[in-house]
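See below for start27.pdb, which holds PDB, C-alpha atoms.
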ATOM      1  CA  MET A 153       0.000   0.000   0.000
ATOM      2  CA  SER A 154       2.897   2.371   0.746
ATOM      3  CA  LYS A 155       4.688   1.244  -2.481
ATOM      4  CA  ARG A 156       7.894   0.580  -0.594
ATOM      5  CA  PHE A 157       9.500  -2.325   1.241
ATOM      6  CA  GLY A 158      10.518  -2.280   4.890
ATOM      7  CA  THR A 159      13.379  -4.015   6.604
ATOM      8  CA  ILE A 160      13.315  -7.649   7.809
ATOM      9  CA  GLY A 161      12.922  -6.441  11.392
ATOM     10  CA  ILE A 162       9.741  -4.521  10.535
ATOM     11  CA  TYR A 163       8.202  -7.591   8.922
ATOM     12  CA  PHE A 164       9.218  -9.715  11.903
ATOM     13  CA  VAL A 165       7.415  -7.319  14.272
ATOM     14  CA  ILE A 166       4.336  -7.046  12.080
ATOM     15  CA  TYR A 167       3.844 -10.782  11.495
ATOM     16  CA  THR A 168       4.599 -11.710  15.087
ATOM     17  CA  LEU A 169       1.791  -9.363  16.148
ATOM     18  CA  ILE A 170      -0.528 -10.601  13.380
ATOM     19  CA  ILE A 171      -0.101 -14.263  14.388
ATOM     20  CA  SER A 172      -0.577 -13.324  18.051
ATOM     21  CA  ILE A 173      -3.752 -11.268  17.489
ATOM     22  CA  PHE A 174      -5.161 -14.001  15.223
ATOM     23  CA  TYR A 175      -4.901 -16.816  17.781
ATOM     24  CA  ILE A 176      -5.601 -14.685  20.852
ATOM     25  CA  HIS A 177      -8.851 -13.466  19.303
ATOM     26  CA  ALA A 178      -9.778 -17.008  18.192
ATOM     27  CA  TYR A 179      -9.255 -18.312  21.733
ATOM     28  CA  PHE A 180     -11.385 -15.671  23.484
ATOM     29  CA  TYR A 181     -14.040 -15.487  20.770
ATOM     30  CA  GLU A 182     -14.624 -19.248  20.879
ATOM     31  CA  LYS A 183     -14.999 -19.086  24.675
ATOM     32  CA  GLU A 184     -17.575 -16.315  24.369
ATOM     33  CA  LEU A 185     -19.548 -18.198  21.700
ATOM     34  CA  ASN A 186     -19.873 -21.139  24.088
ATOM     35  CA  ARG A 187     -21.178 -18.910  26.872
ATOM     36  CA  LYS A 188     -24.831 -19.639  27.704
ATOM     37  CA  ASN A 189     -25.751 -16.112  28.801
ATOM     38  CA  VAL A 190     -26.609 -14.433  25.467
ATOM     39  CA  THR A 191     -26.868 -10.894  26.879
ATOM     40  CA  LEU A 192     -23.479 -11.106  28.567
ATOM     41  CA  LYS A 193     -22.018 -12.627  25.404
ATOM     42  CA  PHE A 194     -22.984  -9.668  23.189
ATOM     43  CA  ILE A 195     -21.646  -7.206  25.749
ATOM     44  CA  ARG A 196     -18.299  -8.939  26.232
ATOM     45  CA  ILE A 197     -17.415  -9.590  22.576
ATOM     46  CA  PRO A 198     -17.213  -5.882  21.512
ATOM     47  CA  VAL A 199     -15.267  -5.071  24.694
ATOM     48  CA  ILE A 200     -12.784  -7.872  23.988
ATOM     49  CA  ILE A 201     -12.313  -6.688  20.372
ATOM     50  CA  CYS A 202     -11.640  -3.110  21.554
ATOM     51  CA  LEU A 203      -9.095  -4.344  24.093
ATOM     52  CA  GLU A 204      -7.402  -6.483  21.414
ATOM     53  CA  ILE A 205      -7.113  -3.478  19.049
ATOM     54  CA  ILE A 206      -5.706  -1.222  21.778
ATOM     55  CA  GLY A 207      -3.313  -3.951  22.921
ATOM     56  CA  TYR A 208      -2.147  -4.611  19.364
ATOM     57  CA  THR A 209      -1.531  -0.915  18.638
ATOM     58  CA  LEU A 210       0.345  -0.253  21.905
ATOM     59  CA  LEU A 211       2.435  -3.399  21.478
ATOM     60  CA  ALA A 212       3.293  -2.440  17.887
ATOM     61  CA  ILE A 213       4.529   0.973  19.098
ATOM     62  CA  TYR A 214       6.525  -0.576  21.965
ATOM     63  CA  LEU A 215       8.183  -3.241  19.793
ATOM     64  CA  ARG A 216       9.171  -0.775  17.095
ATOM     65  CA  ILE A 217      10.712   1.511  19.711
ATOM     66  CA  ALA A 218      12.579  -1.444  21.241
ATOM     67  CA  PHE A 219      13.763  -2.756  17.865
ATOM     68  CA  ASN A 220      14.794   0.743  16.841
ATOM     69  CA  ARG A 221      16.937   1.215  19.952
ATOM     70  CA  ILE A 222      18.783  -2.077  19.444
ATOM     71  CA  HIS A 223      19.218  -1.128  15.749
ATOM     72  CA  ILE A 224      17.204  -4.029  14.280
ATOM     73  CA  ILE A 225      15.178  -1.394  12.464
ATOM     74  CA  ASP A 226      16.042   2.190  11.714
ATOM     75  CA  THR A 227      13.083   4.560  12.125
ATOM     76  CA  ASP A 228      12.651   7.998  13.575
ATOM     77  CA  GLU A 229      10.782   7.489  16.872
ATOM     78  CA  SER A 230       8.771  10.605  16.259
ATOM     79  CA  GLN A 231       7.194   8.832  13.269
ATOM     80  CA  LEU A 232       5.729   6.116  15.511
ATOM     81  CA  PHE A 233       2.973   8.310  16.941
ATOM     82  CA  ILE A 234       1.701   9.886  13.747
ATOM     83  CA  LYS A 235      -1.891   9.313  12.626
ATOM     84  CA  GLU A 236      -0.861   7.189   9.639
ATOM     85  CA  PHE A 237       0.975   4.614  11.795
ATOM     86  CA  ILE A 238      -1.773   4.385  14.459
ATOM     87  CA  MET A 239      -4.574   4.087  11.903
ATOM     88  CA  GLY A 240      -2.563   1.484  10.009
ATOM     89  CA  SER A 241      -2.138  -0.583  13.198
ATOM     90  CA  ILE A 242      -5.867  -0.346  13.974
ATOM     91  CA  TRP A 243      -6.754  -1.342  10.422
ATOM     92  CA  ARG A 244      -4.316  -4.278  10.428
ATOM     93  CA  SER A 245      -5.618  -5.586  13.778
ATOM     94  CA  LEU A 246      -9.252  -5.341  12.608
ATOM     95  CA  TYR A 247      -8.370  -7.033   9.325
ATOM     96  CA  PHE A 248      -6.882 -10.107  10.979
ATOM     97  CA  ILE A 249      -9.476 -10.182  13.776
ATOM     98  CA  GLY A 250     -11.957 -10.621  10.924
ATOM     99  CA  PHE A 251      -9.940 -13.534   9.528
ATOM    100  CA  SER A 252      -9.708 -15.026  13.015
ATOM    101  CA  THR A 253     -13.491 -14.765  13.469
ATOM    102  CA  GLY A 254     -14.027 -16.590  10.184
ATOM    103  CA  TYR A 255     -11.508 -19.228  11.268
ATOM    104  CA  VAL A 256     -13.511 -19.842  14.491
ATOM    105  CA  TYR A 257     -16.762 -20.253  12.553
ATOM    106  CA  ILE A 258     -15.115 -22.662  10.094
ATOM    107  CA  LEU A 259     -13.880 -24.829  12.984
ATOM    108  CA  LYS A 260     -17.302 -24.623  14.606
ATOM    109  CA  SER A 261     -19.018 -25.688  11.373
ATOM    110  CA  PHE A 262     -16.724 -28.739  11.177
ATOM    111  CA  GLU A 263     -17.569 -29.617  14.802
ATOM    112  CA  ASP A 264     -21.298 -29.150  14.164
ATOM    113  CA  ARG A 265     -21.072 -31.350  11.094
ATOM    114  CA  LYS A 266     -19.373 -34.074  13.126
ATOM    115  CA  LYS A 267     -22.122 -33.819  15.760
ATOM    116  CA  VAL A 268     -24.829 -34.085  13.092
ATOM    117  CA  GLU A 269     -23.107 -37.124  11.581
ATOM    118  CA  ALA A 270     -22.827 -38.698  15.045
ATOM    119  CA  LEU A 271     -26.541 -38.059  15.690
ATOM    120  CA  GLU A 272     -27.438 -39.558  12.317
ATOM    121  CA  ARG A 273     -25.339 -42.639  13.114
ATOM    122  CA  GLN A 274     -26.981 -42.890  16.547
ATOM    123  CA  SER A 275     -30.427 -42.541  14.970
ATOM    124  CA  LEU A 276     -29.598 -45.346  12.547
ATOM    125  CA  VAL A 277     -28.350 -47.550  15.381
ATOM    126  CA  THR A 278     -31.526 -46.787  17.358
ATOM    127  CA  GLN A 279     -33.689 -47.751  14.375
ATOM    128  CA  ILE A 280     -31.748 -50.994  13.968
ATOM    129  CA  GLU A 281     -32.088 -51.770  17.684
ATOM    130  CA  LYS A 282     -35.809 -50.978  17.562
ATOM    131  CA  GLN A 283     -36.268 -53.318  14.606
ATOM    132  CA  THR A 284     -34.280 -55.994  16.434
ATOM    133  CA  LEU A 285     -36.474 -55.591  19.513
ATOM    134  CA  GLU A 286     -39.606 -55.879  17.407
ATOM    135  CA  ASN A 287     -38.238 -59.084  15.901
ATOM    136  CA  ASP A 288     -37.362 -60.344  19.395
ATOM    137  CA  LEU A 289     -40.903 -59.601  20.576
ATOM    138  CA  VAL A 290     -42.431 -61.468  17.647
ATOM    139  CA  HIS A 291     -40.062 -64.368  18.330
ATOM    140  CA  SER A 292     -41.004 -64.385  22.014
ATOM    141  CA  GLN A 293     -44.689 -64.301  21.197
ATOM    142  CA  ASN A 294     -44.299 -67.107  18.710
ATOM    143  CA  ASN A 295     -42.539 -69.201  21.330
ATOM    144  CA  TYR A 296     -45.158 -68.257  23.869
ATOM    145  CA  LEU A 297     -47.991 -69.301  21.568
ATOM    146  CA  ARG A 298     -46.777 -71.514  18.728
ATOM    147  CA  SER A 299     -50.194 -72.732  17.630
ATOM    148  CA  GLN A 300     -51.858 -70.223  15.308
ATOM    149  CA  ILE A 301     -55.227 -71.938  14.963
ATOM    150  CA  ASN A 302     -58.455 -69.947  14.883
ATOM    151  CA  PRO A 303     -58.759 -68.196  18.279
ATOM    152  CA  HIS A 304     -62.565 -68.464  18.404
ATOM    153  CA  PHE A 305     -62.446 -72.187  17.764
ATOM    154  CA  LEU A 306     -59.675 -72.585  20.343
ATOM    155  CA  PHE A 307     -61.455 -70.697  23.139
ATOM    156  CA  ASN A 308     -64.832 -72.254  22.412
ATOM    157  CA  THR A 309     -63.219 -75.673  22.653
ATOM    158  CA  LEU A 310     -61.411 -74.788  25.876
ATOM    159  CA  ASN A 311     -64.649 -73.439  27.389
ATOM    160  CA  PHE A 312     -66.427 -76.675  26.478
ATOM    161  CA  ILE A 313     -63.657 -78.764  28.080
ATOM    162  CA  TYR A 314     -63.657 -76.512  31.158
ATOM    163  CA  ASN A 315     -67.422 -76.782  31.669
ATOM    164  CA  ASP A 316     -67.287 -80.530  31.165
ATOM    165  CA  ALA A 317     -64.338 -81.037  33.518
ATOM    166  CA  ARG A 318     -65.051 -78.667  36.411
ATOM    167  CA  LYS A 319     -67.349 -81.145  38.209
ATOM    168  CA  LYS A 320     -65.382 -84.296  37.506
ATOM    169  CA  ALA A 321     -61.832 -82.875  37.630
ATOM    170  CA  PRO A 322     -61.764 -79.378  39.180
ATOM    171  CA  MET A 323     -57.947 -79.176  39.140
ATOM    172  CA  ALA A 324     -57.848 -79.904  35.426
ATOM    173  CA  ALA A 325     -60.597 -77.334  34.885
ATOM    174  CA  ASP A 326     -58.567 -74.697  36.727
ATOM    175  CA  ALA A 327     -55.535 -75.515  34.591
ATOM    176  CA  ILE A 328     -57.613 -75.158  31.421
ATOM    177  CA  MET A 329     -58.976 -71.777  32.542
ATOM    178  CA  ASN A 330     -55.500 -70.441  33.460
ATOM    179  CA  LEU A 331     -54.102 -71.636  30.160
ATOM    180  CA  ALA A 332     -57.006 -70.077  28.236
ATOM    181  CA  GLU A 333     -56.456 -66.692  29.907
ATOM    182  CA  MET A 334     -52.732 -66.760  29.144
ATOM    183  CA  MET A 335     -53.333 -67.672  25.508
ATOM    184  CA  ARG A 336     -56.017 -64.984  25.185
ATOM    185  CA  TYR A 337     -53.520 -62.399  26.478
ATOM    186  CA  ALA A 338     -50.768 -63.609  24.162
ATOM    187  CA  LEU A 339     -53.058 -63.333  21.133
ATOM    188  CA  LYS A 340     -53.417 -59.583  21.727
ATOM    189  CA  ARG A 341     -49.873 -59.268  20.282
ATOM    190  CA  PRO A 342     -48.930 -55.735  21.435
ATOM    191  CA  GLU A 343     -46.455 -53.838  19.250
ATOM    192  CA  ALA A 344     -42.842 -53.702  20.425
ATOM    193  CA  SER A 345     -43.111 -49.927  20.884
ATOM    194  CA  GLU A 346     -46.262 -50.149  23.059
ATOM    195  CA  MET A 347     -46.627 -50.555  26.804
ATOM    196  CA  VAL A 348     -49.309 -52.671  28.453
ATOM    197  CA  SER A 349     -51.202 -52.547  31.714
ATOM    198  CA  LEU A 350     -48.982 -53.693  34.576
ATOM    199  CA  ASN A 351     -52.012 -55.253  36.277
ATOM    200  CA  GLU A 352     -52.601 -57.435  33.208
ATOM    201  CA  GLU A 353     -48.991 -58.603  33.269
ATOM    202  CA  ILE A 354     -49.333 -59.470  36.977
ATOM    203  CA  GLU A 355     -52.500 -61.462  36.196
ATOM    204  CA  GLN A 356     -50.555 -63.484  33.624
ATOM    205  CA  ILE A 357     -47.893 -64.187  36.244
ATOM    206  CA  GLU A 358     -50.577 -65.466  38.602
ATOM    207  CA  HIS A 359     -51.966 -67.725  35.849
ATOM    208  CA  LEU A 360     -48.475 -69.054  35.124
ATOM    209  CA  ILE A 361     -47.815 -69.753  38.830
ATOM    210  CA  ASN A 362     -51.193 -71.492  39.177
ATOM    211  CA  LEU A 363     -50.427 -73.710  36.183
ATOM    212  CA  HIS A 364     -47.109 -74.774  37.711
ATOM    213  CA  LYS A 365     -48.763 -75.412  41.068
ATOM    214  CA  LEU A 366     -51.381 -77.639  39.420
ATOM    215  CA  ARG A 367     -48.713 -79.425  37.371
ATOM    216  CA  THR A 368     -46.569 -80.180  40.432
ATOM    217  CA  ALA A 369     -49.435 -80.925  42.839
ATOM    218  CA  ASN A 370     -48.730 -77.675  44.705
ATOM    219  CA  THR A 371     -45.162 -78.647  45.678
ATOM    220  CA  ILE A 372     -43.489 -75.426  44.554
ATOM    221  CA  ASN A 373     -42.255 -72.982  47.199
ATOM    222  CA  LEU A 374     -42.835 -69.588  45.585
ATOM    223  CA  GLN A 375     -44.238 -66.303  46.891
ATOM    224  CA  LEU A 376     -45.678 -63.396  44.869
ATOM    225  CA  ASP A 377     -45.833 -60.022  46.657
ATOM    226  CA  VAL A 378     -47.548 -57.027  45.032
ATOM    227  CA  ILE A 379     -47.131 -53.826  47.044
ATOM    228  CA  GLY A 380     -48.736 -50.489  46.149
ATOM    229  CA  ASP A 381     -51.474 -49.337  43.790
ATOM    230  CA  MET A 382     -50.677 -50.559  40.265
ATOM    231  CA  PHE A 383     -53.887 -49.179  38.721
ATOM    232  CA  GLY A 384     -53.105 -47.123  35.621
ATOM    233  CA  LEU A 385     -49.423 -48.121  35.470
ATOM    234  CA  ARG A 386     -48.051 -49.302  32.130
ATOM    235  CA  PHE A 387     -44.935 -51.363  31.508
ATOM    236  CA  PRO A 388     -43.165 -53.023  28.525
ATOM    237  CA  PRO A 389     -44.856 -56.363  27.711
ATOM    238  CA  LEU A 390     -43.457 -59.835  28.459
ATOM    239  CA  ILE A 391     -40.588 -58.610  30.687
ATOM    240  CA  LEU A 392     -42.288 -59.823  33.857
ATOM    241  CA  LEU A 393     -43.300 -63.089  32.214
ATOM    242  CA  THR A 394     -39.729 -63.665  31.023
ATOM    243  CA  LEU A 395     -38.383 -63.168  34.561
ATOM    244  CA  VAL A 396     -40.928 -65.608  36.023
ATOM    245  CA  GLU A 397     -40.379 -68.169  33.271
ATOM    246  CA  ASN A 398     -36.626 -67.992  34.000
ATOM    247  CA  ILE A 399     -37.357 -68.847  37.641
ATOM    248  CA  PHE A 400     -39.231 -72.004  36.622
ATOM    249  CA  LYS A 401     -36.719 -72.905  33.883
ATOM    250  CA  HIS A 402     -33.453 -72.364  35.724
ATOM    251  CA  GLY A 403     -34.382 -72.096  39.385
ATOM    252  CA  ASN A 404     -35.046 -74.573  42.166
ATOM    253  CA  VAL A 405     -38.606 -73.682  43.216
ATOM    254  CA  THR A 406     -39.117 -76.778  45.372
ATOM    255  CA  HIS A 407     -36.457 -75.941  47.984
ATOM    256  CA  SER A 408     -37.965 -76.495  51.407
ATOM    257  CA  SER A 409     -36.292 -73.598  53.261
ATOM    258  CA  GLN A 410     -35.463 -71.082  50.503
ATOM    259  CA  THR A 411     -38.665 -69.578  49.126
ATOM    260  CA  ALA A 412     -38.525 -68.229  45.570
ATOM    261  CA  LEU A 413     -39.747 -64.637  45.619
ATOM    262  CA  ILE A 414     -41.339 -62.347  43.056
ATOM    263  CA  ARG A 415     -41.776 -58.880  44.533
ATOM    264  CA  ILE A 416     -43.441 -56.019  42.622
ATOM    265  CA  SER A 417     -43.707 -52.734  44.497
ATOM    266  CA  TYR A 418     -44.704 -49.207  43.506
ATOM    267  CA  GLU A 419     -43.790 -46.463  45.962
ATOM    268  CA  ARG A 420     -42.984 -42.762  45.423
ATOM    269  CA  ASN A 421     -43.273 -43.041  41.621
ATOM    270  CA  THR A 422     -40.649 -45.802  41.571
ATOM    271  CA  LEU A 423     -41.453 -49.287  40.309
ATOM    272  CA  ASN A 424     -39.270 -52.039  41.750
ATOM    273  CA  ILE A 425     -39.351 -55.610  40.458
ATOM    274  CA  THR A 426     -37.243 -58.147  42.332
ATOM    275  CA  THR A 427     -36.945 -61.889  41.795
ATOM    276  CA  ILE A 428     -34.983 -64.257  44.054
ATOM    277  CA  ASN A 429     -34.618 -67.988  43.473
ATOM    278  CA  MET A 430     -32.241 -70.806  44.284
ATOM    279  CA  ILE A 431     -30.183 -71.859  41.250
ATOM    280  CA  ASN A 432     -30.953 -75.328  39.914
ATOM    281  CA  GLU A 433     -27.483 -76.793  39.392
ATOM    282  CA  ILE A 434     -28.900 -79.750  37.464
ATOM    283  CA  ARG A 435     -29.884 -77.363  34.670
ATOM    284  CA  GLY A 436     -26.474 -75.750  34.274
ATOM    285  CA  ALA A 437     -26.491 -76.553  30.568
ATOM    286  CA  GLU A 438     -29.383 -74.116  30.111
ATOM    287  CA  ARG A 439     -27.426 -71.174  31.498
ATOM    288  CA  GLU A 440     -26.735 -69.777  28.014
ATOM    289  CA  SER A 441     -30.498 -69.607  27.341
ATOM    290  CA  HIS A 442     -30.914 -67.816  30.664
ATOM    291  CA  ASN A 443     -28.413 -65.156  29.592
ATOM    292  CA  VAL A 444     -30.235 -64.633  26.303
ATOM    293  CA  GLY A 445     -33.429 -63.871  28.239
ATOM    294  CA  ILE A 446     -31.603 -61.464  30.562
ATOM    295  CA  ASP A 447     -29.949 -59.671  27.624
ATOM    296  CA  ASN A 448     -33.303 -59.304  25.878
ATOM    297  CA  ILE A 449     -34.839 -57.774  29.024
ATOM    298  CA  ASN A 450     -31.971 -55.285  29.275
ATOM    299  CA  LYS A 451     -32.322 -54.269  25.603
ATOM    300  CA  ARG A 452     -36.077 -53.753  25.929
ATOM    301  CA  LEU A 453     -35.709 -51.662  29.094
ATOM    302  CA  LYS A 454     -33.090 -49.478  27.383
ATOM    303  CA  ASN A 455     -35.323 -49.011  24.354
ATOM    304  CA  PHE A 456     -38.238 -47.818  26.523
ATOM    305  CA  TYR A 457     -36.415 -45.908  29.275
ATOM    306  CA  GLY A 458     -33.011 -44.937  27.824
ATOM    307  CA  ASP A 459     -30.623 -44.536  30.759
ATOM    308  CA  ASN A 460     -33.411 -43.865  33.283
ATOM    309  CA  TYR A 461     -33.561 -47.353  34.736
ATOM    310  CA  ILE A 462     -31.486 -49.750  36.818
ATOM    311  CA  PHE A 463     -31.294 -53.451  35.993
ATOM    312  CA  LYS A 464     -29.100 -55.683  38.134
ATOM    313  CA  PHE A 465     -28.706 -59.459  38.181
ATOM    314  CA  PHE A 466     -26.239 -61.485  40.230
ATOM    315  CA  LYS A 467     -25.624 -64.675  42.168
ATOM    316  CA  ASP A 468     -25.292 -64.297  45.936
ATOM    317  CA  PRO A 469     -23.261 -66.450  48.401
ATOM    318  CA  LEU A 470     -26.377 -68.567  49.145
ATOM    319  CA  ASN A 471     -26.417 -69.771  45.507
ATOM    320  CA  ARG A 472     -29.468 -67.623  44.761
ATOM    321  CA  PHE A 473     -29.990 -65.795  41.497
ATOM    322  CA  ILE A 474     -31.331 -62.260  42.050
ATOM    323  CA  THR A 475     -32.684 -59.741  39.548
ATOM    324  CA  GLU A 476     -33.689 -56.163  40.354
ATOM    325  CA  ILE A 477     -35.366 -53.571  38.136
ATOM    326  CA  ASP A 478     -35.871 -49.972  39.290
ATOM    327  CA  VAL A 479     -37.558 -47.435  37.043
ATOM    328  CA  LYS A 480     -39.358 -44.131  37.555
ATOM    329  CA  VAL A 481     -42.979 -44.627  36.473
ATOM    330  CA  PRO A 482     -45.280 -41.676  37.316
ATOM    331  CA  ASN A 483     -48.839 -42.885  37.821
ATOM    332  CA  PRO A 484     -51.113 -41.103  35.287
ATOM    333  CA  MET A 485     -54.104 -41.530  37.607
ATOM    334  CA  SER A 486     -52.481 -39.403  40.331
ATOM    335  CA  THR A 487     -51.849 -36.678  37.718
ATOM    336  CA  LEU A 488     -55.525 -36.704  36.733
ATOM    337  CA  ILE A 489     -56.618 -36.507  40.381
ATOM    338  CA  ASN A 490     -54.319 -33.563  41.047
TER     339      ASN A 490
END
Would you write the structure of this file as structure tokens?
Amino acid sequence: MSKRFGTIGIYFVIYTLIISIFYIHAYFYEKELNRKNVTLKFIRIPVIICLEIIGYTLLAIYLRIAFNRIHIIDTDESQLFIKEFIMGSIWRSLYFIGFSTGYVYILKSFEDRKKVEALERQSLVTQIEKQTLENDLVHSQNNYLRSQINPHFLFNTLNFIYNDARKKAPMAADAIMNLAEMMRYALKRPEASEMVSLNEEIEQIEHLINLHKLRTANTINLQLDVIGDMFGLRFPPLILLTLVENIFKHGNVTHSSQTALIRISYERNTLNITTINMINEIRGAERESHNVGIDNINKRLKNFYGDNYIFKFFKDPLNRFITEIDVKVPNPMSTLIN
């Protein structure tokens, strides 16, 4: 612009200051952009820019005086305070503050793009997991009710057998009725993304326990405790049934002194489901199947509740297998009453 070249010392001073103002401004500007208080942000940014310009100009004057006195550059000191030099320093600082601001926004755009790509990947993973859970639910329901004959024909036949057997064989009639209720519930086939009434799930557990009691002539040692008002509560389907089926599959429910326990409690908007049973060592070969059921429960809970649940399972020193589920479940009925 001045149509003349300066000495090496002058360029050293100028570019040292330019590099400094560039990165100093980038550092402070990025910090201010990340500040949550918008009002404070728009007050501080102009103040910081003014301080940077003043600091740059004063430092340029000081360095040129210092370099002049040690003869790195040769300039009349009286020329350092003229309007042309000061305005040139202000212009140069503003020019590279502008570049620095653009540099910050470019970096920020790259970071935002990475975040968007990460969210898109996470969304894809979530969709895949959801599809997997839906497939798992269909598989579970198919295992739970393999026969796909006409439901009306099935229930009419079961009702006929029940009415015919209740006088001659009341235990068999009870078994037929429990089985009919469980099959009727399974035929509802809720979607994987839907929740069901917790009371209905508990009823299915009671039917399942009654069937096992009838099958074993009431020799099983199992206790079901339901604590709190479950009316209106909804919960992912088949999780409770899977836990109870695991007790009968892999647990020792005929132990004389160690009672198998299924405890469902709802207190202070927290649902707790606990199962405790002695481990049946004879069925050790089925342990892999047990883990598949546990993993499926964990996946389904995560799909419905994200990270807002606790699921623990472990073996204690008494050779008991224990599972615990804790999840916040606000009761919609209490909200309506309030």
Written as a PDB file with C-alpha atoms, in the coordinates of the input, what is the full residue list that the PyMOL selection byres ((chain A and resi 245) around 9) yields on the file shown?
ATOM      1  CA  LEU A 169       1.791  -9.363  16.148  1.00  0.00           C
ATOM      2  CA  ILE A 170      -0.528 -10.601  13.380  1.00  0.00           C
ATOM      3  CA  ILE A 173      -3.752 -11.268  17.489  1.00  0.00           C
ATOM      4  CA  PHE A 174      -5.161 -14.001  15.223  1.00  0.00           C
ATOM      5  CA  GLU A 204      -7.402  -6.483  21.414  1.00  0.00           C
ATOM      6  CA  ILE A 205      -7.113  -3.478  19.049  1.00  0.00           C
ATOM      7  CA  TYR A 208      -2.147  -4.611  19.364  1.00  0.00           C
ATOM      8  CA  THR A 209      -1.531  -0.915  18.638  1.00  0.00           C
ATOM      9  CA  GLY A 240      -2.563   1.484  10.009  1.00  0.00           C
ATOM     10  CA  SER A 241      -2.138  -0.583  13.198  1.00  0.00           C
ATOM     11  CA  ILE A 242      -5.867  -0.346  13.974  1.00  0.00           C
ATOM     12  CA  TRP A 243      -6.754  -1.342  10.422  1.00  0.00           C
ATOM     13  CA  ARG A 244      -4.316  -4.278  10.428  1.00  0.00           C
ATOM     14  CA  LEU A 246      -9.252  -5.341  12.608  1.00  0.00           C
ATOM     15  CA  TYR A 247      -8.370  -7.033   9.325  1.00  0.00           C
ATOM     16  CA  PHE A 248      -6.882 -10.107  10.979  1.00  0.00           C
ATOM     17  CA  ILE A 249      -9.476 -10.182  13.776  1.00  0.00           C
ATOM     18  CA  GLY A 250     -11.957 -10.621  10.924  1.00  0.00           C
TER      19      GLY A 250
END
- Query: CA of Tyr418 in chain A and CA of Gly380 in chain A, how far apart in Å?
  - Reply: 5.0 Å
- Item | Counting only C-alpha atoms, the residue of A:Tyr214, A:Ser417, A:Pro389, A:Glu353 that sits nearest Asp377 in chain A |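 Closest to Asp377 in chain A, using only C-alpha atoms: A:Ser417.
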- Task: Using CA of Glu397 in chain A and CA of Asn351 in chain A as the two end points, give the distance in Å to one decimal.
- Result: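 For CA of Glu397 in chain A relative to CA of Asn351 in chain A, the distance reads 17.6 Å.
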- Task: Kindly indicate which residue among A:Tyr175, A:Arg452, A:Lys319, A:Ile206 lies nearest to Phe251 in chain A, using only C-alpha atoms for the distances.
- Result: A:Tyr175
- Message: Report, in Å to a single decimal, how far apart CA of Val378 in chain A and CA of Ile462 in chain A are.
- Response: 19.5 Å
